[in-house]
$ cat my_file-v2.cif   # mmCIF, C-alpha atoms
data_entry
#
loop_
_atom_site.label_atom_id
_atom_site.label_comp_id
_atom_site.auth_asym_id
_atom_site.auth_seq_id
_atom_site.Cartn_x
_atom_site.Cartn_y
_atom_site.Cartn_z
CA MET L 1 -26.39 -14.27 -2.18
CA THR L 2 -23.08 -12.41 -2.11
CA ARG L 3 -21.87 -9.69 -4.45
CA ARG L 4 -18.47 -10.86 -5.78
CA ALA L 5 -15.86 -9.23 -8.04
CA VAL L 6 -15.56 -11.70 -10.94
CA VAL L 7 -12.90 -11.55 -13.66
CA VAL L 8 -14.61 -11.13 -17.03
CA GLY L 9 -11.70 -9.92 -19.18
CA THR L 10 -7.90 -9.96 -19.29
CA GLY L 11 -5.31 -8.24 -21.44
CA HIS L 12 -1.64 -7.39 -21.46
CA TYR L 13 0.86 -5.31 -23.37
CA LEU L 14 4.63 -5.63 -23.70
CA PRO L 15 6.87 -3.04 -25.39
CA GLU L 16 8.30 -3.96 -28.77
CA ARG L 17 11.93 -3.91 -27.68
CA VAL L 18 13.13 -7.26 -26.30
CA VAL L 19 16.40 -7.19 -24.33
CA GLU L 20 18.17 -10.55 -24.05
CA ASN L 21 20.56 -11.18 -21.17
CA ALA L 22 23.53 -11.18 -23.53
CA GLU L 23 22.95 -7.49 -24.26
CA PHE L 24 24.22 -6.61 -20.77
CA GLU L 25 27.54 -8.38 -21.32
CA ALA L 26 28.89 -5.42 -23.30
CA THR L 27 28.57 -2.96 -20.39
CA LEU L 28 28.53 -5.03 -17.19
CA ASP L 29 30.61 -7.73 -15.53
CA THR L 30 27.84 -10.28 -16.04
CA SER L 31 26.73 -13.04 -18.37
CA ASP L 32 23.59 -14.73 -19.61
CA GLU L 33 24.44 -17.74 -17.43
CA TRP L 34 24.95 -15.58 -14.31
CA ILE L 35 21.59 -13.88 -14.75
CA ARG L 36 19.68 -17.08 -15.56
CA THR L 37 21.21 -19.01 -12.66
CA ARG L 38 20.40 -16.39 -10.05
CA SER L 39 17.04 -15.15 -11.28
CA GLY L 40 15.60 -17.41 -13.98
CA ILE L 41 15.33 -14.36 -16.25
CA GLU L 42 16.28 -14.77 -19.92
CA ARG L 43 14.91 -11.58 -21.44
CA ARG L 44 12.75 -8.56 -20.68
CA HIS L 45 11.00 -5.74 -22.57
CA PHE L 46 11.94 -2.06 -22.39
CA ALA L 47 9.60 0.79 -23.27
CA ALA L 48 10.41 2.83 -26.35
CA GLU L 49 11.51 6.45 -26.08
CA GLY L 50 8.39 8.47 -25.34
CA GLU L 51 6.35 5.38 -24.41
CA THR L 52 4.84 5.93 -20.97
CA THR L 53 3.26 3.87 -18.22
CA SER L 54 -0.22 5.17 -19.08
CA ASP L 55 0.31 4.31 -22.77
CA MET L 56 1.02 0.69 -21.88
CA ALA L 57 -1.75 0.56 -19.29
CA ALA L 58 -4.31 1.83 -21.81
CA LYS L 59 -3.30 -0.81 -24.36
CA ALA L 60 -3.63 -3.60 -21.79
CA ALA L 61 -7.03 -2.22 -20.75
CA GLU L 62 -8.23 -2.07 -24.36
CA ARG L 63 -7.38 -5.75 -24.75
CA ALA L 64 -9.18 -6.64 -21.51
CA LEU L 65 -12.28 -4.81 -22.75
CA ALA L 66 -12.11 -6.64 -26.07
CA ASP L 67 -11.72 -9.95 -24.23
CA ALA L 68 -14.86 -9.16 -22.19
CA GLY L 69 -16.82 -7.90 -25.21
CA LEU L 70 -17.37 -4.58 -23.48
CA THR L 71 -16.48 -0.91 -24.05
CA ALA L 72 -15.10 1.86 -21.87
CA ASP L 73 -18.65 3.12 -21.37
CA ASP L 74 -19.39 -0.08 -19.45
CA VAL L 75 -16.66 0.63 -16.84
CA ASP L 76 -17.32 2.51 -13.59
CA ALA L 77 -13.79 2.81 -12.25
CA ILE L 78 -10.13 2.35 -13.11
CA VAL L 79 -7.46 1.45 -10.54
CA VAL L 80 -3.86 1.52 -11.73
CA ALA L 81 -1.11 -0.04 -9.63
CA THR L 82 2.20 1.64 -10.46
CA SER L 83 5.34 3.08 -8.90
CA THR L 84 6.42 4.70 -12.17
CA PRO L 85 3.59 7.05 -13.22
CA ASP L 86 4.03 9.40 -16.16
CA LEU L 87 3.89 12.50 -13.94
CA THR L 88 3.84 13.35 -10.25
CA PHE L 89 0.18 14.15 -10.84
CA PRO L 90 -2.42 13.65 -12.16
CA SER L 91 -2.68 9.91 -11.67
CA ALA L 92 -1.81 7.52 -14.47
CA ALA L 93 -5.33 6.12 -14.02
CA THR L 94 -6.96 9.38 -15.10
CA MET L 95 -4.70 9.41 -18.17
CA VAL L 96 -5.85 5.88 -18.99
CA GLN L 97 -9.43 7.01 -18.47
CA SER L 98 -8.92 9.71 -21.09
CA LYS L 99 -7.13 7.40 -23.54
CA LEU L 100 -9.97 4.89 -23.33
CA GLY L 101 -12.53 7.63 -24.00
CA MET L 102 -14.21 7.03 -20.64
CA THR L 103 -15.95 10.20 -19.46
CA LYS L 104 -17.83 8.93 -16.41
CA GLY L 105 -16.86 7.16 -13.21
CA PHE L 106 -13.57 7.64 -11.38
CA ALA L 107 -9.93 6.63 -11.58
CA PHE L 108 -7.00 6.54 -9.16
CA ASP L 109 -3.55 5.03 -8.64
CA VAL L 110 -2.32 2.62 -5.95
CA GLN L 111 1.36 2.59 -4.99
CA ALA L 112 2.67 -0.48 -3.17
CA VAL L 113 5.58 -1.25 -5.54
CA CYS L 114 5.67 -4.96 -6.49
CA ALA L 115 2.69 -5.69 -4.20
CA GLY L 116 0.71 -2.94 -5.92
CA PHE L 117 -1.54 -5.17 -8.00
CA VAL L 118 -2.57 -7.23 -4.96
CA TYR L 119 -3.44 -3.98 -3.15
CA ALA L 120 -5.32 -2.73 -6.22
CA LEU L 121 -7.33 -5.96 -6.54
CA SER L 122 -8.25 -5.76 -2.88
CA ASN L 123 -9.44 -2.17 -3.28
CA ALA L 124 -11.40 -3.00 -6.43
CA SER L 125 -13.07 -5.96 -4.73
CA ALA L 126 -14.13 -3.70 -1.84
CA LEU L 127 -15.54 -1.11 -4.27
CA ILE L 128 -17.64 -3.79 -5.92
CA ALA L 129 -18.72 -5.49 -2.67
CA SER L 130 -19.86 -2.13 -1.25
CA GLY L 131 -21.86 -1.23 -4.35
CA GLN L 132 -19.64 1.75 -5.18
CA ALA L 133 -18.92 0.27 -8.63
CA SER L 134 -20.21 -2.58 -10.78
CA ARG L 135 -17.26 -2.90 -13.16
CA VAL L 136 -13.68 -1.98 -12.29
CA MET L 137 -10.66 -2.11 -14.59
CA VAL L 138 -7.62 -3.06 -12.50
CA ILE L 139 -4.26 -2.46 -14.19
CA GLY L 140 -0.65 -3.00 -13.22
CA ALA L 141 1.79 -1.01 -15.36
CA GLU L 142 5.45 -0.06 -14.95
CA THR L 143 8.39 1.51 -16.78
CA PHE L 144 11.09 0.41 -14.35
CA SER L 145 13.73 0.83 -17.06
CA ARG L 146 13.53 4.56 -16.29
CA ILE L 147 14.76 4.17 -12.69
CA MET L 148 17.60 1.70 -13.18
CA ASP L 149 21.24 2.34 -12.30
CA TRP L 150 22.86 0.78 -15.38
CA THR L 151 26.14 0.29 -13.51
CA ASP L 152 24.57 -1.91 -10.82
CA ARG L 153 24.53 -5.47 -12.15
CA GLY L 154 22.63 -6.69 -9.08
CA THR L 155 19.50 -4.73 -10.03
CA CYS L 156 19.46 -3.47 -13.61
CA VAL L 157 19.40 -6.96 -15.17
CA LEU L 158 16.31 -7.97 -13.18
CA PHE L 159 13.62 -5.53 -14.22
CA GLY L 160 11.44 -4.94 -17.27
CA ASP L 161 8.50 -2.89 -18.50
CA GLY L 162 4.93 -3.87 -19.35
CA ALA L 163 1.28 -3.79 -18.35
CA GLY L 164 -1.51 -6.21 -17.56
CA ALA L 165 -5.20 -5.65 -16.87
CA LEU L 166 -8.18 -7.46 -15.37
CA LEU L 167 -11.76 -6.30 -15.79
CA LEU L 168 -13.81 -7.15 -12.70
CA GLU L 169 -17.61 -7.29 -12.74
CA ALA L 170 -20.09 -7.48 -9.89
CA GLN L 171 -21.96 -10.78 -9.94
CA GLU L 172 -24.31 -12.31 -7.40
CA GLN L 173 -22.92 -15.61 -6.14
CA PRO L 174 -24.27 -18.12 -3.59
CA GLY L 175 -21.85 -16.93 -0.90
CA THR L 176 -19.64 -20.01 -0.50
CA ASN L 177 -15.99 -20.68 -1.23
CA LYS L 178 -17.07 -22.30 -4.48
CA ASP L 179 -18.19 -18.90 -5.80
CA ARG L 180 -16.50 -17.34 -8.78
CA GLY L 181 -14.66 -14.10 -8.09
CA ILE L 182 -12.46 -12.73 -5.32
CA LEU L 183 -13.00 -14.85 -2.20
CA ALA L 184 -10.46 -13.38 0.24
CA THR L 185 -7.54 -10.97 0.51
CA ASP L 186 -4.68 -10.34 2.94
CA LEU L 187 -2.57 -7.17 3.00
CA ASN L 188 0.51 -6.37 5.09
CA SER L 189 3.35 -3.89 5.38
CA ASP L 190 6.26 -3.13 7.68
CA GLY L 191 8.03 0.18 7.14
CA ARG L 192 10.99 -0.82 9.28
CA TYR L 193 12.38 -2.59 6.19
CA LYS L 194 12.37 0.43 3.89
CA ASP L 195 16.12 0.28 3.26
CA LEU L 196 15.96 -3.22 1.77
CA LEU L 197 14.27 -2.03 -1.44
CA TYR L 198 13.70 1.60 -2.37
CA VAL L 199 14.40 4.39 -4.87
CA ASP L 200 16.88 6.97 -3.60
CA GLY L 201 14.96 9.96 -4.93
CA GLY L 202 11.51 11.52 -5.14
CA VAL L 203 9.52 14.71 -5.35
CA SER L 204 10.22 16.06 -1.86
CA THR L 205 13.94 15.25 -2.19
CA GLN L 206 13.95 16.93 -5.63
CA SER L 207 15.59 14.07 -7.51
CA THR L 208 14.48 11.15 -9.65
CA GLY L 209 16.72 8.56 -8.06
CA HIS L 210 17.54 4.95 -8.84
CA LEU L 211 16.32 1.63 -7.51
CA ARG L 212 18.42 0.24 -4.65
CA MET L 213 18.05 -3.28 -3.28
CA GLN L 214 19.64 -5.58 -0.74
CA GLY L 215 18.81 -8.69 -2.72
CA ASN L 216 19.82 -11.31 -0.15
CA GLN L 217 17.75 -9.65 2.57
CA VAL L 218 14.71 -9.28 0.32
CA PHE L 219 14.98 -12.97 -0.60
CA ARG L 220 15.14 -13.92 3.08
CA HIS L 221 11.88 -12.12 3.80
CA ALA L 222 10.13 -13.03 0.56
CA VAL L 223 9.59 -16.80 0.79
CA GLU L 224 8.36 -16.78 4.38
CA LYS L 225 6.09 -13.76 3.98
CA LEU L 226 4.64 -14.87 0.63
CA ALA L 227 3.76 -18.36 1.84
CA SER L 228 2.33 -16.92 5.06
CA THR L 229 0.10 -14.33 3.36
CA ALA L 230 -1.13 -16.88 0.80
CA ASN L 231 -2.10 -19.33 3.56
CA THR L 232 -3.78 -16.55 5.56
CA ALA L 233 -5.91 -15.56 2.57
CA LEU L 234 -6.79 -19.22 1.95
CA ASP L 235 -7.80 -19.61 5.60
CA ARG L 236 -10.07 -16.58 5.32
CA ALA L 237 -11.75 -18.21 2.32
CA GLY L 238 -12.15 -21.50 4.22
CA LEU L 239 -9.75 -23.22 1.84
CA SER L 240 -6.29 -24.77 1.95
CA ALA L 241 -3.30 -25.12 -0.35
CA SER L 242 -4.56 -28.52 -1.51
CA ASP L 243 -7.58 -26.76 -3.07
CA VAL L 244 -5.39 -24.49 -5.25
CA ASP L 245 -5.25 -25.05 -9.00
CA TRP L 246 -2.75 -22.29 -9.75
CA ILE L 247 -0.38 -20.02 -7.87
CA VAL L 248 0.15 -16.91 -9.97
CA PRO L 249 2.94 -15.17 -8.06
CA HIS L 250 4.76 -11.91 -8.46
CA GLN L 251 7.42 -12.74 -11.04
CA ALA L 252 10.57 -11.46 -9.33
CA ASN L 253 12.94 -14.40 -9.13
CA ILE L 254 12.48 -18.08 -9.99
CA ARG L 255 14.12 -19.15 -6.72
CA ILE L 256 11.60 -17.14 -4.69
CA ILE L 257 8.76 -18.62 -6.76
CA GLN L 258 10.09 -22.16 -6.24
CA GLY L 259 10.69 -21.59 -2.52
CA THR L 260 7.18 -20.24 -1.95
CA ALA L 261 5.54 -23.16 -3.79
CA LYS L 262 7.61 -25.64 -1.78
CA LYS L 263 6.74 -23.95 1.53
CA MET L 264 3.04 -24.18 0.59
CA GLY L 265 3.45 -27.85 -0.30
CA LEU L 266 2.60 -27.33 -3.97
CA SER L 267 4.33 -28.51 -7.14
CA MET L 268 5.78 -26.12 -9.69
CA ASP L 269 3.29 -27.77 -12.06
CA ASN L 270 0.71 -25.64 -10.24
CA VAL L 271 2.58 -22.35 -10.79
CA VAL L 272 2.21 -19.95 -13.73
CA VAL L 273 5.74 -18.76 -14.54
CA THR L 274 6.57 -15.89 -16.91
CA VAL L 275 9.67 -14.42 -15.24
CA GLN L 276 11.94 -15.89 -17.93
CA ASP L 277 10.34 -13.73 -20.62
CA HIS L 278 9.35 -10.57 -18.75
CA GLY L 279 11.80 -10.14 -15.87
CA ASN L 280 10.46 -8.36 -12.81
CA THR L 281 7.79 -5.92 -14.01
CA SER L 282 6.82 -4.94 -10.45
CA ALA L 283 3.08 -4.20 -10.20
CA ALA L 284 2.56 -5.39 -13.78
CA SER L 285 3.91 -8.89 -13.20
CA ILE L 286 0.80 -10.57 -11.74
CA PRO L 287 -1.74 -9.29 -14.30
CA LEU L 288 0.75 -10.06 -17.07
CA ALA L 289 1.08 -13.62 -15.77
CA LEU L 290 -2.69 -14.02 -15.38
CA SER L 291 -3.31 -12.81 -18.93
CA VAL L 292 -0.54 -15.00 -20.37
CA GLY L 293 -1.70 -17.98 -18.31
CA LYS L 294 -5.19 -17.64 -19.71
CA GLU L 295 -3.80 -17.18 -23.24
CA ARG L 296 -1.72 -20.36 -22.88
CA GLY L 297 -4.80 -22.32 -21.84
CA GLN L 298 -3.47 -22.95 -18.33
CA ILE L 299 -6.08 -20.91 -16.45
CA LYS L 300 -9.69 -21.97 -17.02
CA GLU L 301 -13.07 -20.96 -15.63
CA GLY L 302 -13.62 -22.47 -12.21
CA ASP L 303 -9.92 -22.71 -11.33
CA LEU L 304 -8.93 -21.60 -7.83
CA ILE L 305 -6.06 -19.13 -7.99
CA VAL L 306 -3.80 -17.66 -5.33
CA THR L 307 -1.78 -14.65 -6.30
CA GLU L 308 0.80 -13.15 -3.94
CA ALA L 309 3.50 -10.46 -4.03
CA ILE L 310 6.07 -8.64 -1.93
CA GLY L 311 7.75 -5.34 -2.69
CA GLY L 312 9.35 -2.23 -1.27
CA GLY L 313 7.94 -1.01 1.99
CA LEU L 314 8.14 -3.83 2.74
CA ALA L 315 4.59 -4.43 1.52
CA TRP L 316 3.11 -7.83 0.78
CA GLY L 317 -0.20 -9.58 0.36
CA ALA L 318 -2.29 -12.21 -1.38
CA VAL L 319 -5.63 -12.63 -3.13
CA VAL L 320 -7.66 -15.84 -3.46
CA LEU L 321 -10.04 -15.89 -6.41
CA ARG L 322 -11.97 -18.38 -8.47
CA TRP L 323 -11.68 -17.76 -12.19
#

$ encode --input "my_file-v2.cif" --output "structure tokens"
Amino acid sequence: MTRRAVVVGTGHYLPERVVENAEFEATLDTSDEWIRTRSGIERRHFAAEGETTSDMAAKAAERALADAGLTADDVDAIVVATSTPDLTFPSAATMVQSKLGMTKGFAFDVQAVCAGFVYALSNASALIASGQASRVMVIGAETFSRIMDWTDRGTCVLFGDGAGALLLEAQEQPGTNKDRGILATDLNSDGRYKDLLYVDGGVSTQSTGHLRMQGNQVFRHAVEKLASTANTALDRAGLSASDVDWIVPHQANIRIIQGTAKKMGLSMDNVVVTVQDHGNTSAASIPLALSVGKERGQIKEGDLIVTEAIGGGLAWGAVVLRW
């Protein structure tokens, strides 16, 4: 038997404010058609004044607990993937821990930008496999609206805020690729590409900064690296693309999503797509899409899922799991 990290609950939270593409037309040389054509995005959500990353993360976690029929006392650890924490320290995860009323266990953040949730899932799976924890709440949460340059039409129209959460539970499985739970992971990074996607500020430079991106270059790397990492993770699980029920990708750009599916030889009918409603929510995009996909009735128990992401660093990776 093999100790696997099995998804037992999902939840997500989106801020109340919905920003349609047309809203940008008043301040930028852009249009709804321009944004839709290049990204597939139609709208996104922005956090309210005073609404923080940990606020949204806690709400998503509460919904995941309710979905699982469990309470915060049943959780051993919290891992939050975010690049936009409330404060420099302490971690957003410890703030979520407090907001959930969880007084035991441990909590920490993972920072790998848009690939953050894949990194967090991989860490949570390792914690469970090693016996360090039996239940881990894994959350992706971002307030990217706070680091946008509102004069840069190439970036500010692409991003949104939100949070998604998965509750993972240790379960003994037979030890084959038909097991439920996380079957394989693949993580990568290459710091030589830092200048393609970054924020031009930070603590040691004593400024907040804004997101900067060379969109064409990121696109060039994205499709190849996403398809490659997904296939590597499938290989490690002893599976192939033909076994996949759903790709649940990082929701950055519909053209990247389409290109990755095509390179893997899969139809868009096998892809959960939420980018049109959420925009790019960075580390929150995959758990948001998983939660919405389950809510829609797309994702069902027993389905084989590949989730992959690429973000600043560059950092990229994939997780293969059976729902």

$ resolve_selection --input "my_file-v2.cif" --expression "the PyMOL selection byres ((chain L and resi 8-15) around 10)" --output "VMD selection string"
chain L and resid 5 to 7 16 to 18 44 to 48 51 55 to 70 135 137 to 141 143 160 to 170 181 278 284 287 to 292 294 to 295 323

$ resolve_selection --input "my_file-v2.cif" --expression "the PyMOL selection byres ((chain L and resi 255-265) around 7)" --output "list in words"
Ser39, Phe219, Ala222, Val223, Leu226, Ala227, Ala241, Pro249, Asn253, Ile254, Leu266, Ser267 and Met268 of chain L

$ residues_around --input "my_file-v2.cif" --residues "Gly191 of chain L" --least-positions-apart "6" --cutoff "10 Å" --atoms "only C-alpha atoms" --output "list of chain:residue names"
L:Gly312, L:Gly313, L:Leu314, L:Ala315

$ closest_residue --input "my_file-v2.cif" --among "L:Glu25, L:Asp86, L:Asp303, L:Glu33" --to "Phe144 of chain L" --atoms "all atoms listed in the file"
L:Asp86

$ resolve_selection --input "my_file-v2.cif" --expression "the PyMOL selection byres ((chain L and resi 103-107) around 9)" --output "mmCIF file with C-alpha atoms, keeping the file's coordinate frame"
data_model
loop_
_atom_site.group_PDB
_atom_site.id
_atom_site.type_symbol
_atom_site.label_atom_id
_atom_site.label_comp_id
_atom_site.auth_asym_id
_atom_site.auth_seq_id
_atom_site.Cartn_x
_atom_site.Cartn_y
_atom_site.Cartn_z
ATOM 1 C CA ALA L 72 -15.100 1.860 -21.870
ATOM 2 C CA ASP L 73 -18.650 3.120 -21.370
ATOM 3 C CA VAL L 75 -16.660 0.630 -16.840
ATOM 4 C CA ASP L 76 -17.320 2.510 -13.590
ATOM 5 C CA ALA L 77 -13.790 2.810 -12.250
ATOM 6 C CA ILE L 78 -10.130 2.350 -13.110
ATOM 7 C CA VAL L 79 -7.460 1.450 -10.540
ATOM 8 C CA VAL L 80 -3.860 1.520 -11.730
ATOM 9 C CA SER L 91 -2.680 9.910 -11.670
ATOM 10 C CA ALA L 92 -1.810 7.520 -14.470
ATOM 11 C CA ALA L 93 -5.330 6.120 -14.020
ATOM 12 C CA THR L 94 -6.960 9.380 -15.100
ATOM 13 C CA MET L 95 -4.700 9.410 -18.170
ATOM 14 C CA VAL L 96 -5.850 5.880 -18.990
ATOM 15 C CA GLN L 97 -9.430 7.010 -18.470
ATOM 16 C CA SER L 98 -8.920 9.710 -21.090
ATOM 17 C CA LEU L 100 -9.970 4.890 -23.330
ATOM 18 C CA GLY L 101 -12.530 7.630 -24.000
ATOM 19 C CA MET L 102 -14.210 7.030 -20.640
ATOM 20 C CA PHE L 108 -7.000 6.540 -9.160
ATOM 21 C CA ASP L 109 -3.550 5.030 -8.640
ATOM 22 C CA ALA L 133 -18.920 0.270 -8.630
#

$ closest_residue --input "my_file-v2.cif" --among "L:Arg3, L:Ser228, L:Lys99, L:Ala237" --to "Glu172 of chain L" --atoms "all atoms listed in the file"
L:Arg3

$ residues_near_point --input "my_file-v2.cif" --point "(19.0, 1.1, -6.0)" --cutoff "9 Å" --atoms "all atoms listed in the file" --output "PyMOL selection string"
chain L and resi 147-149+152+155-156+197-200+209-214

$ atom_distance --input "my_file-v2.cif" --atom1 "atom CA of Thr307 of chain L" --atom2 "atom CA of Thr274 of chain L"
13.6 Å

$ atom_distance --input "my_file-v2.cif" --atom1 "atom CA of Phe24 of chain L" --atom2 "atom CA of Gly202 of chain L"
27.1 Å

$ residues_around --input "my_file-v2.cif" --residues "Val275 of chain L" --least-positions-apart "5" --cutoff "8 Å" --atoms "only C-alpha atoms" --output "mmCIF file with C-alpha atoms, keeping the file's coordinate frame"
data_model
loop_
_atom_site.group_PDB
_atom_site.id
_atom_site.type_symbol
_atom_site.label_atom_id
_atom_site.label_comp_id
_atom_site.auth_asym_id
_atom_site.auth_seq_id
_atom_site.Cartn_x
_atom_site.Cartn_y
_atom_site.Cartn_z
ATOM 1 C CA GLY L 40 15.600 -17.410 -13.980
ATOM 2 C CA ILE L 41 15.330 -14.360 -16.250
ATOM 3 C CA GLN L 251 7.420 -12.740 -11.040
ATOM 4 C CA ALA L 252 10.570 -11.460 -9.330
ATOM 5 C CA ASN L 253 12.940 -14.400 -9.130
ATOM 6 C CA ILE L 254 12.480 -18.080 -9.990
ATOM 7 C CA ASN L 280 10.460 -8.360 -12.810
#

$ closest_residue --input "my_file-v2.cif" --among "L:Leu234, L:Val203, L:Ile305, L:Val272" --to "Thr185 of chain L" --atoms "all atoms listed in the file"
L:Leu234

$ closest_residue --input "my_file-v2.cif" --among "L:Ser130, L:Thr88, L:Thr232, L:Thr53" --to "Gln206 of chain L" --atoms "all atoms listed in the file"
L:Thr88

$ residues_around --input "my_file-v2.cif" --residues "Asp179 of chain L" --least-positions-apart "4" --cutoff "9 Å" --atoms "all atoms listed in the file" --output "list in words"
Thr2, Arg4, Gln173, Pro174, Gly175, Leu183, Gly302, Leu321 and Arg322 of chain L

$ closest_residue --input "my_file-v2.cif" --among "L:Val273, L:Ala126, L:Leu158, L:Leu28" --to "Gln298 of chain L" --atoms "all atoms listed in the file"
L:Val273

$ decode --input "my_file-v2.cif" --residues "segment 86-111 of chain L" --atoms "N, CA and C atoms" --output "compact mmCIF listing (two decimals), in the first residue's frame"
# COMPACT_ATOMS: atom_id res chain seq x y z
N ASP L 86 -0.08 39.66 2.48
CA ASP L 86 -0.52 40.88 3.15
C ASP L 86 0.67 41.72 3.61
N LEU L 87 1.65 41.07 4.21
CA LEU L 87 2.81 41.73 4.80
C LEU L 87 4.09 41.02 4.37
N THR L 88 5.22 41.67 4.56
CA THR L 88 6.49 41.01 4.29
C THR L 88 6.61 39.76 5.15
N PHE L 89 6.29 39.87 6.41
CA PHE L 89 6.10 38.71 7.28
C PHE L 89 5.20 39.14 8.41
N PRO L 90 4.49 38.26 9.07
CA PRO L 90 4.54 36.80 8.92
C PRO L 90 3.86 36.33 7.64
N SER L 91 3.92 35.03 7.40
CA SER L 91 3.35 34.46 6.19
C SER L 91 1.83 34.64 6.16
N ALA L 92 1.30 34.72 4.95
CA ALA L 92 -0.16 34.74 4.80
C ALA L 92 -0.77 33.48 5.38
N ALA L 93 -0.04 32.36 5.28
CA ALA L 93 -0.56 31.08 5.78
C ALA L 93 -0.85 31.12 7.27
N THR L 94 0.04 31.77 8.05
CA THR L 94 -0.21 31.84 9.49
C THR L 94 -1.42 32.74 9.78
N MET L 95 -1.64 33.74 8.94
CA MET L 95 -2.83 34.59 9.10
C MET L 95 -4.10 33.79 8.79
N VAL L 96 -4.03 32.95 7.77
CA VAL L 96 -5.17 32.07 7.47
C VAL L 96 -5.40 31.10 8.62
N GLN L 97 -4.32 30.58 9.17
CA GLN L 97 -4.41 29.67 10.31
C GLN L 97 -5.19 30.32 11.45
N SER L 98 -4.87 31.57 11.73
CA SER L 98 -5.56 32.30 12.79
C SER L 98 -7.03 32.54 12.44
N LYS L 99 -7.29 32.95 11.19
CA LYS L 99 -8.67 33.25 10.79
C LYS L 99 -9.57 32.02 10.78
N LEU L 100 -8.96 30.85 10.58
CA LEU L 100 -9.73 29.61 10.62
C LEU L 100 -9.92 29.10 12.06
N GLY L 101 -9.21 29.70 13.00
CA GLY L 101 -9.29 29.23 14.38
C GLY L 101 -8.49 27.98 14.63
N MET L 102 -7.48 27.76 13.81
CA MET L 102 -6.63 26.56 13.92
C MET L 102 -5.44 26.88 14.82
N THR L 103 -5.33 26.17 15.92
CA THR L 103 -4.30 26.50 16.92
C THR L 103 -3.19 25.45 17.00
N LYS L 104 -3.27 24.42 16.18
CA LYS L 104 -2.21 23.40 16.18
C LYS L 104 -1.59 23.35 14.79
N GLY L 105 -0.63 22.45 14.61
CA GLY L 105 -0.05 22.25 13.29
C GLY L 105 0.89 23.38 12.89
N PHE L 106 1.04 23.56 11.58
CA PHE L 106 1.99 24.55 11.07
C PHE L 106 1.48 25.12 9.75
N ALA L 107 2.03 26.28 9.39
CA ALA L 107 1.58 26.96 8.18
C ALA L 107 2.76 27.73 7.58
N PHE L 108 2.82 27.74 6.24
CA PHE L 108 3.89 28.50 5.57
C PHE L 108 3.46 28.84 4.15
N ASP L 109 4.16 29.83 3.58
CA ASP L 109 3.89 30.27 2.21
C ASP L 109 4.90 29.65 1.24
N VAL L 110 4.48 29.55 -0.02
CA VAL L 110 5.34 29.15 -1.13
C VAL L 110 5.25 30.24 -2.18
N GLN L 111 6.39 30.67 -2.70
CA GLN L 111 6.40 31.75 -3.70
C GLN L 111 7.08 31.26 -4.97
